[in-house]
Amino acid sequence: MKKTTALLTLLMLQSSFAVADAVRQSDFALLDQNGKFHQLSYFGDQKAVVIAVQANGDKLVRTHAPALNLLQDQFADQGAVFFMLNATDSDRKSVAEEAQAHAYGMPVLMDEAQLVAETFDLGRVGEVLIVDPARFTVIHRGALEDSSALGDALSAIVSGTEVAQTGSLSSGAPLIFAELAKDEAAPISYAKDIAPILEENCVQCHHQGGIGPWSMTDHAMIRGWSAMIREVVLTRRMPPGQIDPHVGKDIEDAAGLSLREMQQLVHWIDAGAPSDLQSPGDSDPLTALTFNDSKYTLGEPDLTFKVSAQTIPATGIIDYRYVPVELNLDRDVWIRAMEFVPGDRQVLHHVIAYVSSPADKSVRGRETGAARGESLGGFAPGRQPDQFRDNSGRLLTKGSNLLLQMHYTTSGRETVDVTEVGLYLHDTPPDYVMSGGVAGQRRFLVPPYAKEYKIVGEQKIERDAYLYELTPHMHFRGKYMSYVAEYPDGTSEVLLSVPKYDFNWQFNYPLAQPLFLPAGSRILAKGAMDNSDRNPGNPDPSKPVHFGLQTKHEMFFGFTTLRYVGDTPQSVSQNSLTPETANTGQGTTGGQ
C-alpha cells in the first residue's frame, strides 16, 4: 500500500512538473561575464537554448563542464545555443576568471538579481534547462552530471521527435534566494516601495502629456500594465539607454534600475500587483504627482527660433532636409546651452545644428549640407539638451546662422512639424571653449545576414584636453558600442559600454567628472552591426550595408564633447580662429 501511494505521489509530481514546464515563461536579457548582451528571444531561429546553472568554485560544475562543451561542439551546428548561468553573489570579474581557468566554452550569464533563476524555477547548481527560445517554454530539465540524458534530449529536439520532459535531478548545492524570501515574508508595499521606484525611473515620460505611450496615473493603471512592466524590466528595454554598470566612468543620471528595485518590482507583480491603499481616502502616490511640462526643460531661453514648417507625408522614405535658421546676430555671442522642442515627436527622428557662415547661403549648399560647419548640438529621442559645463561655451559669430539637418520618419499619417530651438547665452564670455569630435568610421560594408560585424572608429587627441560627454550613434543595425581611451604611456581603460544600442533612444552620456586626456591619447569607439533577420529593426537583411545618410544605410560615430586645454575666448580671438578650426586632431562629424 505504501509503495502504491508513493508511486501515485511520484506520478502526480511528474505530471505537475511537466504541465508547469509547458507554460510559457518569459523572455529575458542578461549580460555575460564579459559584459556582452544576450536576449533569449534573439535565438528564436534556433531549436534550443541550453542553460546550465554555474557557481564559482563548484566541484560538480568544474568536473562536468567538459562534457557540456562536447555537447556544444556536437549540436552547435544543429540549432542549439549553450549558456551557463550564475545566480549567486559572485562578482563578474571572478566569474570571468573562473570561466577562463576552467575552460567553460560558453558565455556565463550573470543573473545578479536572480530573477531569471526564479522565473524558470531553478533551484540547484548543476541544474540544466533546455528552452524553446521561440515559445519561451522549457523542453527538458536535467542535470549537468547526466550528460547522456541531455544528449538524448537534444538529439530528439533537433530531429523533431518526442522529448523526455525530465532527466536526472542535480545533486548540486541549492541556490539561496534571500531577497525573494524577504519579500515573501514581508509583502512589498505599493505606496512605500513601488510608487517611489516608478516616480524615480518611469513617470517622467509616462504621464499625461509625456512622451511615454501610456500614463502611470494610479495603482489601477500600473496593475493593468504590470505584465508589460515585468517583461520590459527582464529584457532591459526600460528604462531606455542602459549602460554596463560594471565598467567605465561614472555617468551622470545613468538610466537603469538597481538590482533591488528590479527584484521588488518583479516580486510585487508576481504577487498579483496588490494595493496597500486601505481606503478610498488614501492618497495614491502617483495620482498626487505634478509635472513641470514647460516647453523648455532648461527654462526660458534667451533666444528662440521657429523652424520653417515641414510637411511630412504619411508613408515613404524622406531624404534628409537641410533647413536654414536665420539668427540675425548683430554681435558675437557665446552659448551655454541649446534645446530643441519637436513639433511632432512621432516623426522627427533627429536634428543636428551646424554653424553656417553667411558666405554660403546657396541652395546647393543647403540641400547637400556643403555649407555645414561644426556640429553645435542636436536632438534625438532620449537625448538630453546640450549644456556646456564648467563655465564653457560655444561661439556664434556675428552674421552666422544655423543649418539644421532634419531627419524625419513617416508615421502612417500626414502631419506638419514646426520645431523650435532655444539658445541660452552667457552674459559675458565664458572661461573656456567647448568643442566636439568623433571617433568614427565611414569605410565599412556589412555583409547580408551578418549578426555581428565589428567596427572600430578612432579619434586622435593631439593636444591636452578634458572629455565631458560621449554620444554613440548608429542606425537600425547598431548592436553595441563602447568607448576606450588609450593613453601615451601604453595604458588603456573602458570609458563607457552600451551593450544594447537602440536607434530609437539616442542618449548622450555625460561623465560625472571630466576626464583628462593628455596629448597623444586616442579614443576608440568599438562596436558592431547586426544586419541579420534576427534584428527586428533591420529594413532588409538580404542586402549589404554601407555608410550613408538614410536609415537604410548605416553610420558608426562615437561623438565626443571635450575641452582643449588653452582654448579660451581670448586665445580663439587672438589666433583669429573659430573653435572648430582651432581644434586639431578631430574626426569628421558628418551627419546623423
# chains A, B, ... in the order shown; residues from 1 in each chain; ligands from 1

$ residues_around --residues "stretch 281-296 of chain A" --least-positions-apart "2" --cutoff "12 Å" --atoms "only C-alpha atoms" --output "tab-separated table (two decimals) with all heavy atoms, in the first residue's frame"
chain	number	residue	atom	x	y	z
A	189	SER	N	5.21	46.94	-0.44
A	189	SER	CA	4.18	47.97	-0.40
A	189	SER	C	4.14	48.73	-1.73
A	189	SER	O	5.17	49.22	-2.20
A	189	SER	CB	4.45	48.95	0.74
A	189	SER	OG	3.70	50.14	0.60
A	190	TYR	N	2.95	48.83	-2.28
A	190	TYR	CA	2.80	49.66	-3.48
A	190	TYR	C	3.13	51.11	-3.16
A	190	TYR	O	3.90	51.77	-3.89
A	190	TYR	CB	1.37	49.55	-4.02
A	190	TYR	CG	1.02	50.68	-4.97
A	190	TYR	CD1	1.54	50.70	-6.26
A	190	TYR	CD2	0.19	51.73	-4.56
A	190	TYR	CE1	1.25	51.75	-7.13
A	190	TYR	CE2	-0.11	52.78	-5.43
A	190	TYR	CZ	0.42	52.79	-6.70
A	190	TYR	OH	0.14	53.83	-7.55
A	191	ALA	N	2.55	51.62	-2.08
A	191	ALA	CA	2.70	53.04	-1.76
A	191	ALA	C	4.12	53.40	-1.34
A	191	ALA	O	4.65	54.43	-1.74
A	191	ALA	CB	1.71	53.43	-0.65
A	192	LYS	N	4.76	52.52	-0.54
A	192	LYS	CA	6.07	52.86	0.02
A	192	LYS	C	7.25	52.36	-0.81
A	192	LYS	O	8.35	52.92	-0.73
A	192	LYS	CB	6.18	52.30	1.44
A	192	LYS	CG	5.19	52.90	2.42
A	192	LYS	CD	5.33	52.26	3.80
A	192	LYS	CE	4.33	52.84	4.78
A	192	LYS	NZ	4.42	52.20	6.13
A	193	ASP	N	7.04	51.31	-1.58
A	193	ASP	CA	8.14	50.71	-2.34
A	193	ASP	C	8.02	50.91	-3.85
A	193	ASP	O	8.94	51.40	-4.49
A	193	ASP	CB	8.24	49.21	-2.04
A	193	ASP	CG	8.49	48.92	-0.58
A	193	ASP	OD1	9.34	49.61	0.02
A	193	ASP	OD2	7.84	48.01	-0.02
A	194	ILE	N	6.88	50.53	-4.40
A	194	ILE	CA	6.73	50.50	-5.86
A	194	ILE	C	6.55	51.90	-6.43
A	194	ILE	O	7.24	52.27	-7.40
A	194	ILE	CB	5.55	49.60	-6.27
A	194	ILE	CG1	5.80	48.17	-5.77
A	194	ILE	CG2	5.37	49.62	-7.78
A	194	ILE	CD1	7.09	47.55	-6.25
A	195	ALA	N	5.65	52.67	-5.88
A	195	ALA	CA	5.41	54.02	-6.43
A	195	ALA	C	6.68	54.87	-6.45
A	195	ALA	O	6.93	55.56	-7.45
A	195	ALA	CB	4.30	54.71	-5.64
A	196	PRO	N	7.52	54.85	-5.40
A	196	PRO	CA	8.77	55.63	-5.47
A	196	PRO	C	9.72	55.16	-6.58
A	196	PRO	O	10.40	55.99	-7.20
A	196	PRO	CB	9.39	55.42	-4.09
A	196	PRO	CG	8.23	55.16	-3.19
A	196	PRO	CD	7.28	54.36	-4.01
A	197	ILE	N	9.76	53.85	-6.84
A	197	ILE	CA	10.60	53.35	-7.94
A	197	ILE	C	10.11	53.90	-9.28
A	197	ILE	O	10.89	54.36	-10.11
A	197	ILE	CB	10.59	51.81	-7.97
A	197	ILE	CG1	11.27	51.25	-6.73
A	197	ILE	CG2	11.28	51.30	-9.23
A	197	ILE	CD1	11.17	49.74	-6.60
A	198	LEU	N	8.80	53.86	-9.47
A	198	LEU	CA	8.22	54.36	-10.72
A	198	LEU	C	8.40	55.87	-10.83
A	198	LEU	O	8.67	56.38	-11.93
A	198	LEU	CB	6.74	53.99	-10.78
A	198	LEU	CG	6.42	52.50	-10.70
A	198	LEU	CD1	4.91	52.27	-10.69
A	198	LEU	CD2	7.05	51.74	-11.87
A	199	GLU	N	8.23	56.58	-9.72
A	199	GLU	CA	8.40	58.03	-9.75
A	199	GLU	C	9.83	58.40	-10.15
A	199	GLU	O	10.06	59.32	-10.93
A	199	GLU	CB	8.07	58.62	-8.39
A	199	GLU	CG	8.26	60.13	-8.32
A	199	GLU	CD	7.95	60.70	-6.95
A	199	GLU	OE1	7.50	59.93	-6.07
A	199	GLU	OE2	8.17	61.90	-6.75
A	200	GLU	N	10.80	57.67	-9.64
A	200	GLU	CA	12.21	57.98	-9.89
A	200	GLU	C	12.64	57.61	-11.30
A	200	GLU	O	13.48	58.29	-11.90
A	200	GLU	CB	13.08	57.23	-8.87
A	200	GLU	CG	14.59	57.43	-9.05
A	200	GLU	CD	15.03	58.84	-8.74
A	200	GLU	OE1	14.31	59.56	-8.00
A	200	GLU	OE2	16.10	59.25	-9.23
A	202	CYS	N	10.39	56.24	-14.09
A	202	CYS	CA	9.44	55.99	-15.19
A	202	CYS	C	8.49	57.13	-15.50
A	202	CYS	O	8.22	57.42	-16.68
A	202	CYS	CB	8.61	54.74	-14.88
A	202	CYS	SG	9.58	53.29	-14.42
A	203	VAL	N	7.93	57.76	-14.47
A	203	VAL	CA	6.79	58.65	-14.72
A	203	VAL	C	7.18	59.96	-15.39
A	203	VAL	O	6.31	60.68	-15.88
A	203	VAL	CB	6.01	58.94	-13.42
A	203	VAL	CG1	5.39	57.68	-12.86
A	203	VAL	CG2	6.90	59.62	-12.39
A	204	GLN	N	8.46	60.28	-15.43
A	204	GLN	CA	8.86	61.50	-16.12
A	204	GLN	C	8.46	61.43	-17.60
A	204	GLN	O	8.16	62.45	-18.22
A	204	GLN	CB	10.37	61.72	-16.00
A	204	GLN	CG	10.84	63.09	-16.47
A	204	GLN	CD	10.17	64.23	-15.72
A	204	GLN	OE1	9.98	64.18	-14.52
A	204	GLN	NE2	9.78	65.28	-16.45
A	205	CYS	N	8.46	60.21	-18.15
A	205	CYS	CA	7.97	60.01	-19.52
A	205	CYS	C	6.53	59.53	-19.54
A	205	CYS	O	5.74	59.92	-20.40
A	205	CYS	CB	8.85	59.00	-20.26
A	205	CYS	SG	10.53	59.56	-20.59
A	206	HIS	N	6.18	58.65	-18.58
A	206	HIS	CA	4.85	58.02	-18.57
A	206	HIS	C	3.88	58.82	-17.70
A	206	HIS	O	3.49	58.39	-16.61
A	206	HIS	CB	4.96	56.58	-18.06
A	206	HIS	CG	5.64	55.65	-19.02
A	206	HIS	ND1	4.97	54.99	-20.02
A	206	HIS	CD2	6.94	55.28	-19.13
A	206	HIS	CE1	5.81	54.25	-20.71
A	206	HIS	NE2	7.02	54.41	-20.19
A	207	HIS	N	3.52	60.00	-18.17
A	207	HIS	CA	2.46	60.78	-17.53
A	207	HIS	C	1.69	61.52	-18.60
A	207	HIS	O	2.11	61.58	-19.76
A	207	HIS	CB	3.04	61.76	-16.50
A	207	HIS	CG	3.85	62.88	-17.10
A	207	HIS	ND1	5.21	62.79	-17.29
A	207	HIS	CD2	3.49	64.11	-17.56
A	207	HIS	CE1	5.66	63.90	-17.84
A	207	HIS	NE2	4.64	64.71	-18.02
A	208	GLN	N	0.54	62.06	-18.23
A	208	GLN	CA	-0.27	62.78	-19.20
A	208	GLN	C	0.55	63.93	-19.80
A	208	GLN	O	1.03	64.79	-19.09
A	208	GLN	CB	-1.53	63.35	-18.52
A	208	GLN	CG	-2.50	62.31	-18.00
A	208	GLN	CD	-3.23	61.58	-19.12
A	208	GLN	OE1	-3.18	61.98	-20.27
A	208	GLN	NE2	-3.91	60.49	-18.78
A	209	GLY	N	0.70	63.90	-21.13
A	209	GLY	CA	1.49	64.93	-21.79
A	209	GLY	C	2.94	64.54	-21.97
A	209	GLY	O	3.69	65.24	-22.66
A	210	GLY	N	3.38	63.43	-21.36
A	210	GLY	CA	4.75	62.97	-21.52
A	210	GLY	C	4.92	62.19	-22.81
A	210	GLY	O	3.95	61.93	-23.53
A	211	ILE	N	6.16	61.76	-23.09
A	211	ILE	CA	6.41	61.07	-24.35
A	211	ILE	C	6.11	59.58	-24.27
A	211	ILE	O	6.15	58.89	-25.28
A	211	ILE	CB	7.87	61.28	-24.80
A	211	ILE	CG1	8.86	60.63	-23.81
A	211	ILE	CG2	8.17	62.74	-25.00
A	211	ILE	CD1	10.29	60.66	-24.29
A	215	SER	N	0.13	56.38	-19.52
A	215	SER	CA	0.41	57.19	-18.33
A	215	SER	C	0.28	56.38	-17.06
A	215	SER	O	-0.70	55.66	-16.85
A	215	SER	CB	-0.54	58.39	-18.27
A	215	SER	OG	-0.39	59.19	-19.42
A	216	MET	N	1.27	56.51	-16.18
A	216	MET	CA	1.25	55.84	-14.88
A	216	MET	C	0.51	56.73	-13.89
A	216	MET	O	1.10	57.38	-13.02
A	216	MET	CB	2.68	55.57	-14.41
A	216	MET	CG	3.43	54.59	-15.29
A	216	MET	SD	5.08	54.20	-14.64
A	216	MET	CE	5.57	52.85	-15.73
A	217	THR	N	-0.81	56.72	-14.02
A	217	THR	CA	-1.62	57.66	-13.24
A	217	THR	C	-1.96	57.18	-11.85
A	217	THR	O	-2.12	57.99	-10.94
A	217	THR	CB	-2.93	57.94	-14.00
A	217	THR	OG1	-3.55	56.68	-14.33
A	217	THR	CG2	-2.66	58.71	-15.28
A	218	ASP	N	-2.09	55.86	-11.65
A	218	ASP	CA	-2.50	55.35	-10.35
A	218	ASP	C	-2.23	53.85	-10.28
A	218	ASP	O	-1.76	53.25	-11.25
A	218	ASP	CB	-3.98	55.64	-10.08
A	218	ASP	CG	-4.90	55.15	-11.20
A	218	ASP	OD1	-4.52	54.19	-11.92
A	218	ASP	OD2	-5.99	55.71	-11.36
A	219	HIS	N	-2.58	53.24	-9.15
A	219	HIS	CA	-2.33	51.82	-8.95
A	219	HIS	C	-3.06	50.97	-9.99
A	219	HIS	O	-2.50	50.00	-10.52
A	219	HIS	CB	-2.75	51.39	-7.54
A	219	HIS	CG	-2.78	49.89	-7.39
A	219	HIS	ND1	-3.94	49.15	-7.55
A	219	HIS	CD2	-1.78	49.01	-7.13
A	219	HIS	CE1	-3.65	47.86	-7.39
A	219	HIS	NE2	-2.36	47.74	-7.13
A	220	ALA	N	-4.31	51.31	-10.28
A	220	ALA	CA	-5.09	50.50	-11.22
A	220	ALA	C	-4.40	50.46	-12.59
A	220	ALA	O	-4.37	49.41	-13.25
A	220	ALA	CB	-6.50	51.07	-11.35
A	221	MET	N	-3.85	51.58	-13.02
A	221	MET	CA	-3.17	51.62	-14.31
A	221	MET	C	-1.89	50.77	-14.27
A	221	MET	O	-1.60	50.02	-15.21
A	221	MET	CB	-2.83	53.06	-14.68
A	221	MET	CG	-2.24	53.20	-16.07
A	221	MET	SD	-3.40	52.81	-17.39
A	221	MET	CE	-4.44	54.28	-17.37
A	222	ILE	N	-1.15	50.86	-13.18
A	222	ILE	CA	0.08	50.07	-13.05
A	222	ILE	C	-0.24	48.58	-13.04
A	222	ILE	O	0.43	47.78	-13.70
A	222	ILE	CB	0.84	50.45	-11.77
A	222	ILE	CG1	1.19	51.94	-11.76
A	222	ILE	CG2	2.10	49.60	-11.61
A	222	ILE	CD1	2.02	52.38	-12.94
A	275	SER	N	-2.54	46.28	-3.99
A	275	SER	CA	-2.52	47.64	-3.44
A	275	SER	C	-2.60	47.58	-1.92
A	275	SER	O	-3.27	46.72	-1.35
A	275	SER	CB	-3.72	48.43	-3.96
A	275	SER	OG	-3.81	49.69	-3.31
A	276	ASP	N	-1.86	48.47	-1.26
A	276	ASP	CA	-1.97	48.58	0.20
A	276	ASP	C	-2.64	49.90	0.58
A	276	ASP	O	-2.51	50.37	1.71
A	276	ASP	CB	-0.60	48.47	0.87
A	276	ASP	CG	0.40	49.46	0.32
A	276	ASP	OD1	0.12	50.08	-0.73
A	276	ASP	OD2	1.48	49.62	0.91
A	277	LEU	N	-3.35	50.50	-0.38
A	277	LEU	CA	-4.16	51.68	-0.05
A	277	LEU	C	-5.41	51.16	0.65
A	277	LEU	O	-6.24	50.48	0.05
A	277	LEU	CB	-4.52	52.44	-1.33
A	277	LEU	CG	-3.32	52.91	-2.17
A	277	LEU	CD1	-3.80	53.58	-3.45
A	277	LEU	CD2	-2.43	53.83	-1.37
A	278	GLN	N	-5.55	51.47	1.92
A	278	GLN	CA	-6.53	50.80	2.77
A	278	GLN	C	-7.97	51.26	2.54
A	278	GLN	O	-8.91	50.53	2.74
A	278	GLN	CB	-6.16	51.01	4.25
A	278	GLN	CG	-4.80	50.44	4.62
A	278	GLN	CD	-4.74	48.93	4.38
A	278	GLN	OE1	-5.70	48.22	4.63
A	278	GLN	NE2	-3.59	48.47	3.88
A	279	SER	N	-8.14	52.49	2.12
A	279	SER	CA	-9.50	53.00	1.97
A	279	SER	C	-9.53	54.00	0.82
A	279	SER	O	-8.49	54.48	0.37
A	279	SER	CB	-9.96	53.69	3.26
A	279	SER	OG	-9.17	54.86	3.50
A	298	LEU	N	15.02	73.53	-19.71
A	298	LEU	CA	16.10	74.31	-19.09
A	298	LEU	C	15.64	75.71	-18.68
A	298	LEU	O	16.46	76.53	-18.25
A	298	LEU	CB	17.29	74.43	-20.05
A	298	LEU	CG	17.95	73.13	-20.49
A	298	LEU	CD1	19.12	73.41	-21.42
A	298	LEU	CD2	18.41	72.31	-19.29
A	299	GLY	N	14.35	75.97	-18.80
A	299	GLY	CA	13.86	77.32	-18.51
A	299	GLY	C	13.74	78.13	-19.78
A	299	GLY	O	14.03	77.67	-20.88
A	300	GLU	N	13.32	79.36	-19.65
A	300	GLU	CA	13.10	80.20	-20.82
A	300	GLU	C	14.42	80.57	-21.48
A	300	GLU	O	15.33	81.10	-20.84
A	300	GLU	CB	12.37	81.49	-20.40
A	300	GLU	CG	11.87	82.32	-21.56
A	300	GLU	CD	10.84	81.58	-22.42
A	300	GLU	OE1	10.12	80.71	-21.88
A	300	GLU	OE2	10.76	81.87	-23.63
A	301	PRO	N	14.58	80.28	-22.77
A	301	PRO	CA	15.82	80.60	-23.46
A	301	PRO	C	15.99	82.11	-23.65
A	301	PRO	O	15.03	82.89	-23.58
A	301	PRO	CB	15.67	79.90	-24.82
A	301	PRO	CG	14.52	78.96	-24.66
A	301	PRO	CD	13.63	79.56	-23.63
A	302	ASP	N	17.23	82.50	-23.93
A	302	ASP	CA	17.49	83.90	-24.26
A	302	ASP	C	17.05	84.23	-25.68
A	302	ASP	O	16.61	85.35	-25.96
A	302	ASP	CB	18.98	84.20	-24.10
A	302	ASP	CG	19.44	84.05	-22.66
A	302	ASP	OD1	18.96	84.82	-21.80
A	302	ASP	OD2	20.26	83.15	-22.38
A	303	LEU	N	17.19	83.27	-26.57
A	303	LEU	CA	16.76	83.45	-27.95
A	303	LEU	C	15.98	82.21	-28.37
A	303	LEU	O	16.38	81.08	-28.09
A	303	LEU	CB	17.96	83.62	-28.88
A	303	LEU	CG	18.88	84.82	-28.65
A	303	LEU	CD1	20.11	84.73	-29.55
A	303	LEU	CD2	18.15	86.14	-28.88
A	304	THR	N	14.86	82.42	-29.03
A	304	THR	CA	14.08	81.28	-29.56
A	304	THR	C	13.81	81.51	-31.04
A	304	THR	O	13.62	82.65	-31.49
A	304	THR	CB	12.74	81.11	-28.82
A	304	THR	OG1	11.97	82.32	-28.95
A	304	THR	CG2	12.97	80.80	-27.35
A	337	ALA	N	24.01	76.70	-23.64
A	337	ALA	CA	23.13	75.54	-23.79
A	337	ALA	C	22.26	75.73	-25.02
A	337	ALA	O	22.08	76.85	-25.51
A	337	ALA	CB	22.27	75.34	-22.55
A	338	MET	N	21.74	74.61	-25.49
A	338	MET	CA	20.83	74.62	-26.63
A	338	MET	C	19.80	73.53	-26.42
A	338	MET	O	20.13	72.42	-25.99
A	338	MET	CB	21.60	74.36	-27.93
A	338	MET	CG	20.73	74.07	-29.14
A	338	MET	SD	21.71	73.68	-30.61
A	338	MET	CE	22.14	75.32	-31.13
A	339	GLU	N	18.54	73.85	-26.72
A	339	GLU	CA	17.48	72.86	-26.56
A	339	GLU	C	16.50	72.95	-27.72
A	339	GLU	O	16.11	74.04	-28.14
A	339	GLU	CB	16.72	73.06	-25.25
A	339	GLU	CG	15.66	72.01	-25.00
A	339	GLU	CD	15.05	72.07	-23.61
A	339	GLU	OE1	15.39	72.99	-22.84
A	339	GLU	OE2	14.23	71.18	-23.30
A	340	PHE	N	16.12	71.77	-28.24
A	340	PHE	CA	15.13	71.68	-29.31
A	340	PHE	C	13.81	71.20	-28.73
A	340	PHE	O	13.77	70.32	-27.87
A	340	PHE	CB	15.60	70.70	-30.39
A	340	PHE	CG	16.68	71.24	-31.26
A	340	PHE	CD1	18.02	71.09	-30.92
A	340	PHE	CD2	16.38	71.93	-32.43
A	340	PHE	CE1	19.02	71.59	-31.72
A	340	PHE	CE2	17.38	72.44	-33.24
A	340	PHE	CZ	18.71	72.27	-32.89
A	341	VAL	N	12.73	71.76	-29.26
A	341	VAL	CA	11.37	71.32	-28.91
A	341	VAL	C	10.71	70.83	-30.19
A	341	VAL	O	10.34	71.64	-31.05
A	341	VAL	CB	10.54	72.46	-28.29
A	341	VAL	CG1	9.12	71.97	-27.99
A	341	VAL	CG2	11.21	72.97	-27.03
A	342	PRO	N	10.58	69.50	-30.36
A	342	PRO	CA	9.96	68.97	-31.59
A	342	PRO	C	8.51	69.39	-31.71
A	342	PRO	O	7.77	69.43	-30.73
A	342	PRO	CB	10.09	67.46	-31.43
A	342	PRO	CG	11.11	67.26	-30.35
A	342	PRO	CD	11.01	68.44	-29.45
A	343	GLY	N	8.10	69.67	-32.95
A	343	GLY	CA	6.70	69.96	-33.17
A	343	GLY	C	5.87	68.69	-33.17
A	343	GLY	O	4.75	68.66	-32.67
A	384	GLN	N	19.35	64.34	-24.11
A	384	GLN	CA	19.12	65.50	-23.26
A	384	GLN	C	19.56	66.77	-23.96
A	384	GLN	O	20.34	66.73	-24.92
A	384	GLN	CB	19.89	65.34	-21.94
A	384	GLN	CG	19.61	64.05	-21.20
A	384	GLN	CD	20.57	62.93	-21.59
A	384	GLN	OE1	21.01	62.83	-22.73
A	384	GLN	NE2	20.90	62.09	-20.63
A	385	PRO	N	19.08	67.94	-23.53
A	385	PRO	CA	19.56	69.19	-24.13
A	385	PRO	C	21.08	69.33	-23.98
A	385	PRO	O	21.67	68.82	-23.03
A	385	PRO	CB	18.83	70.27	-23.31
A	385	PRO	CG	17.64	69.58	-22.73
A	385	PRO	CD	18.06	68.16	-22.49
A	419	THR	N	9.27	72.68	-35.49
A	419	THR	CA	10.19	72.53	-34.36
A	419	THR	C	10.71	73.90	-33.93
A	419	THR	O	10.81	74.83	-34.74
A	419	THR	CB	11.35	71.60	-34.77
A	419	THR	OG1	10.85	70.27	-34.87
A	419	THR	CG2	12.50	71.63	-33.78
A	420	GLU	N	11.03	74.02	-32.66
A	420	GLU	CA	11.62	75.25	-32.14
A	420	GLU	C	13.00	74.95	-31.57
A	420	GLU	O	13.27	73.82	-31.12
A	420	GLU	CB	10.75	75.86	-31.04
A	420	GLU	CG	9.41	76.39	-31.54
A	420	GLU	CD	8.66	77.13	-30.45
A	420	GLU	OE1	9.31	77.61	-29.48
A	420	GLU	OE2	7.42	77.23	-30.54
A	421	VAL	N	13.86	75.95	-31.58
A	421	VAL	CA	15.18	75.83	-30.98
A	421	VAL	C	15.38	77.02	-30.05
A	421	VAL	O	15.05	78.16	-30.39
A	421	VAL	CB	16.29	75.77	-32.05
A	421	VAL	CG1	16.25	76.97	-32.98
A	421	VAL	CG2	17.66	75.67	-31.39
A	422	GLY	N	15.89	76.72	-28.86
A	422	GLY	CA	16.17	77.76	-27.88
A	422	GLY	C	17.66	77.83	-27.60
A	422	GLY	O	18.32	76.81	-27.41
A	423	LEU	N	18.20	79.03	-27.57
A	423	LEU	CA	19.62	79.26	-27.26
A	423	LEU	C	19.73	79.98	-25.92
A	423	LEU	O	19.01	80.95	-25.66
A	423	LEU	CB	20.28	80.10	-28.36
A	423	LEU	CG	20.27	79.52	-29.77
A	423	LEU	CD1	20.97	80.48	-30.73
A	423	LEU	CD2	20.92	78.15	-29.81
A	424	TYR	N	20.63	79.48	-25.10
A	424	TYR	CA	20.90	80.07	-23.79
A	424	TYR	C	22.29	80.69	-23.84
A	424	TYR	O	23.27	80.02	-24.17
A	424	TYR	CB	20.82	79.01	-22.70
A	424	TYR	CG	19.46	78.33	-22.61
A	424	TYR	CD1	19.12	77.31	-23.49
A	424	TYR	CD2	18.54	78.72	-21.66
A	424	TYR	CE1	17.87	76.69	-23.42
A	424	TYR	CE2	17.29	78.11	-21.57
A	424	TYR	CZ	16.96	77.10	-22.46
A	424	TYR	OH	15.73	76.49	-22.39

$ select_by_dssp --residues "stretch 538-573 of chain A" --states "alpha helix (DSSP H)" --output "PyMOL selection string"
chain A and resi 569-573

$ atom_distance --atom1 "atom CA of A:Ser26" --atom2 "atom CA of A:Gly256"
19.9 Å

$ closest_residue --among "A:Arg394, A:Asp111, A:Ile139, A:Asp27" --to "A:Ala227" --atoms "only C-alpha atoms"
A:Asp27

$ select_by_dssp --residues "stretch 86-248 of chain A" --states "strand (DSSP E or B)" --output "list of chain:residue names"
A:Asn86, A:Val108, A:Leu109, A:Met110, A:Arg124, A:Glu127, A:Val128, A:Leu129, A:Ile130, A:Val131, A:Asp132, A:Thr137, A:Val138, A:Ile139, A:His140, A:Arg141, A:Gly142, A:Ala143, A:Thr166, A:Pro174

$ write_last_selection --atoms "C-alpha atoms" --output "CSV table (one decimal), in the first residue's frame"
chain,number,residue,atom,x,y,z
A,86,ASN,CA,25.4,32.4,-12.5
A,108,VAL,CA,28.2,32.7,-18.4
A,109,LEU,CA,25.0,34.8,-18.0
A,110,MET,CA,25.1,37.0,-14.8
A,124,ARG,CA,20.4,24.0,-7.7
A,127,GLU,CA,20.6,22.1,-13.0
A,128,VAL,CA,20.2,22.3,-16.8
A,129,LEU,CA,17.3,23.6,-18.8
A,130,ILE,CA,16.7,23.2,-22.5
A,131,VAL,CA,14.4,26.0,-23.5
A,132,ASP,CA,12.5,26.6,-26.7
A,137,THR,CA,8.9,27.1,-22.8
A,138,VAL,CA,11.1,24.6,-21.0
A,139,ILE,CA,11.5,21.5,-23.2
A,140,HIS,CA,13.6,19.4,-20.8
A,141,ARG,CA,15.0,19.6,-17.3
A,142,GLY,CA,18.1,17.7,-16.4
A,143,ALA,CA,21.4,17.6,-14.5
A,166,THR,CA,12.8,15.4,-17.2
A,174,PRO,CA,20.9,24.7,-3.5

$ residues_around --residues "A:Pro239" --least-positions-apart "4" --cutoff "9 Å" --atoms "only C-alpha atoms" --output "PDB file with N, CA and C atoms, in the first residue's frame"
ATOM      1  N   ASN A 201      12.062  56.542 -11.860  1.00  0.00           N
ATOM      2  CA  ASN A 201      12.602  55.981 -13.104  1.00  0.00           C
ATOM      3  C   ASN A 201      11.674  56.014 -14.306  1.00  0.00           C
ATOM      4  N   CYS A 202      10.386  56.236 -14.094  1.00  0.00           N
ATOM      5  CA  CYS A 202       9.443  55.988 -15.186  1.00  0.00           C
ATOM      6  C   CYS A 202       8.486  57.135 -15.499  1.00  0.00           C
ATOM      7  N   VAL A 232       9.485  44.290 -19.777  1.00  0.00           N
ATOM      8  CA  VAL A 232      10.496  45.273 -20.177  1.00  0.00           C
ATOM      9  C   VAL A 232      11.605  45.394 -19.139  1.00  0.00           C
ATOM     10  N   VAL A 233      11.304  45.067 -17.882  1.00  0.00           N
ATOM     11  CA  VAL A 233      12.353  45.045 -16.856  1.00  0.00           C
ATOM     12  C   VAL A 233      13.275  43.852 -17.082  1.00  0.00           C
ATOM     13  N   ALA A 255      20.774  55.757 -16.671  1.00  0.00           N
ATOM     14  CA  ALA A 255      19.478  55.091 -16.651  1.00  0.00           C
ATOM     15  C   ALA A 255      19.626  53.657 -16.160  1.00  0.00           C
ATOM     16  N   GLY A 256      18.574  53.141 -15.570  1.00  0.00           N
ATOM     17  CA  GLY A 256      18.573  51.747 -15.136  1.00  0.00           C
ATOM     18  C   GLY A 256      18.146  51.591 -13.696  1.00  0.00           C
ATOM     19  N   LEU A 257      17.485  50.475 -13.415  1.00  0.00           N
ATOM     20  CA  LEU A 257      17.062  50.157 -12.057  1.00  0.00           C
ATOM     21  C   LEU A 257      18.188  49.455 -11.310  1.00  0.00           C
TER      22      LEU A 257
END

$ atom_distance --atom1 "atom CA of A:Arg477" --atom2 "atom CA of A:Ile523"
22.4 Å

$ closest_residue --among "A:Leu562, A:Leu327, A:Leu265, A:Ala309" --to "A:Leu515" --atoms "only C-alpha atoms"
A:Leu562
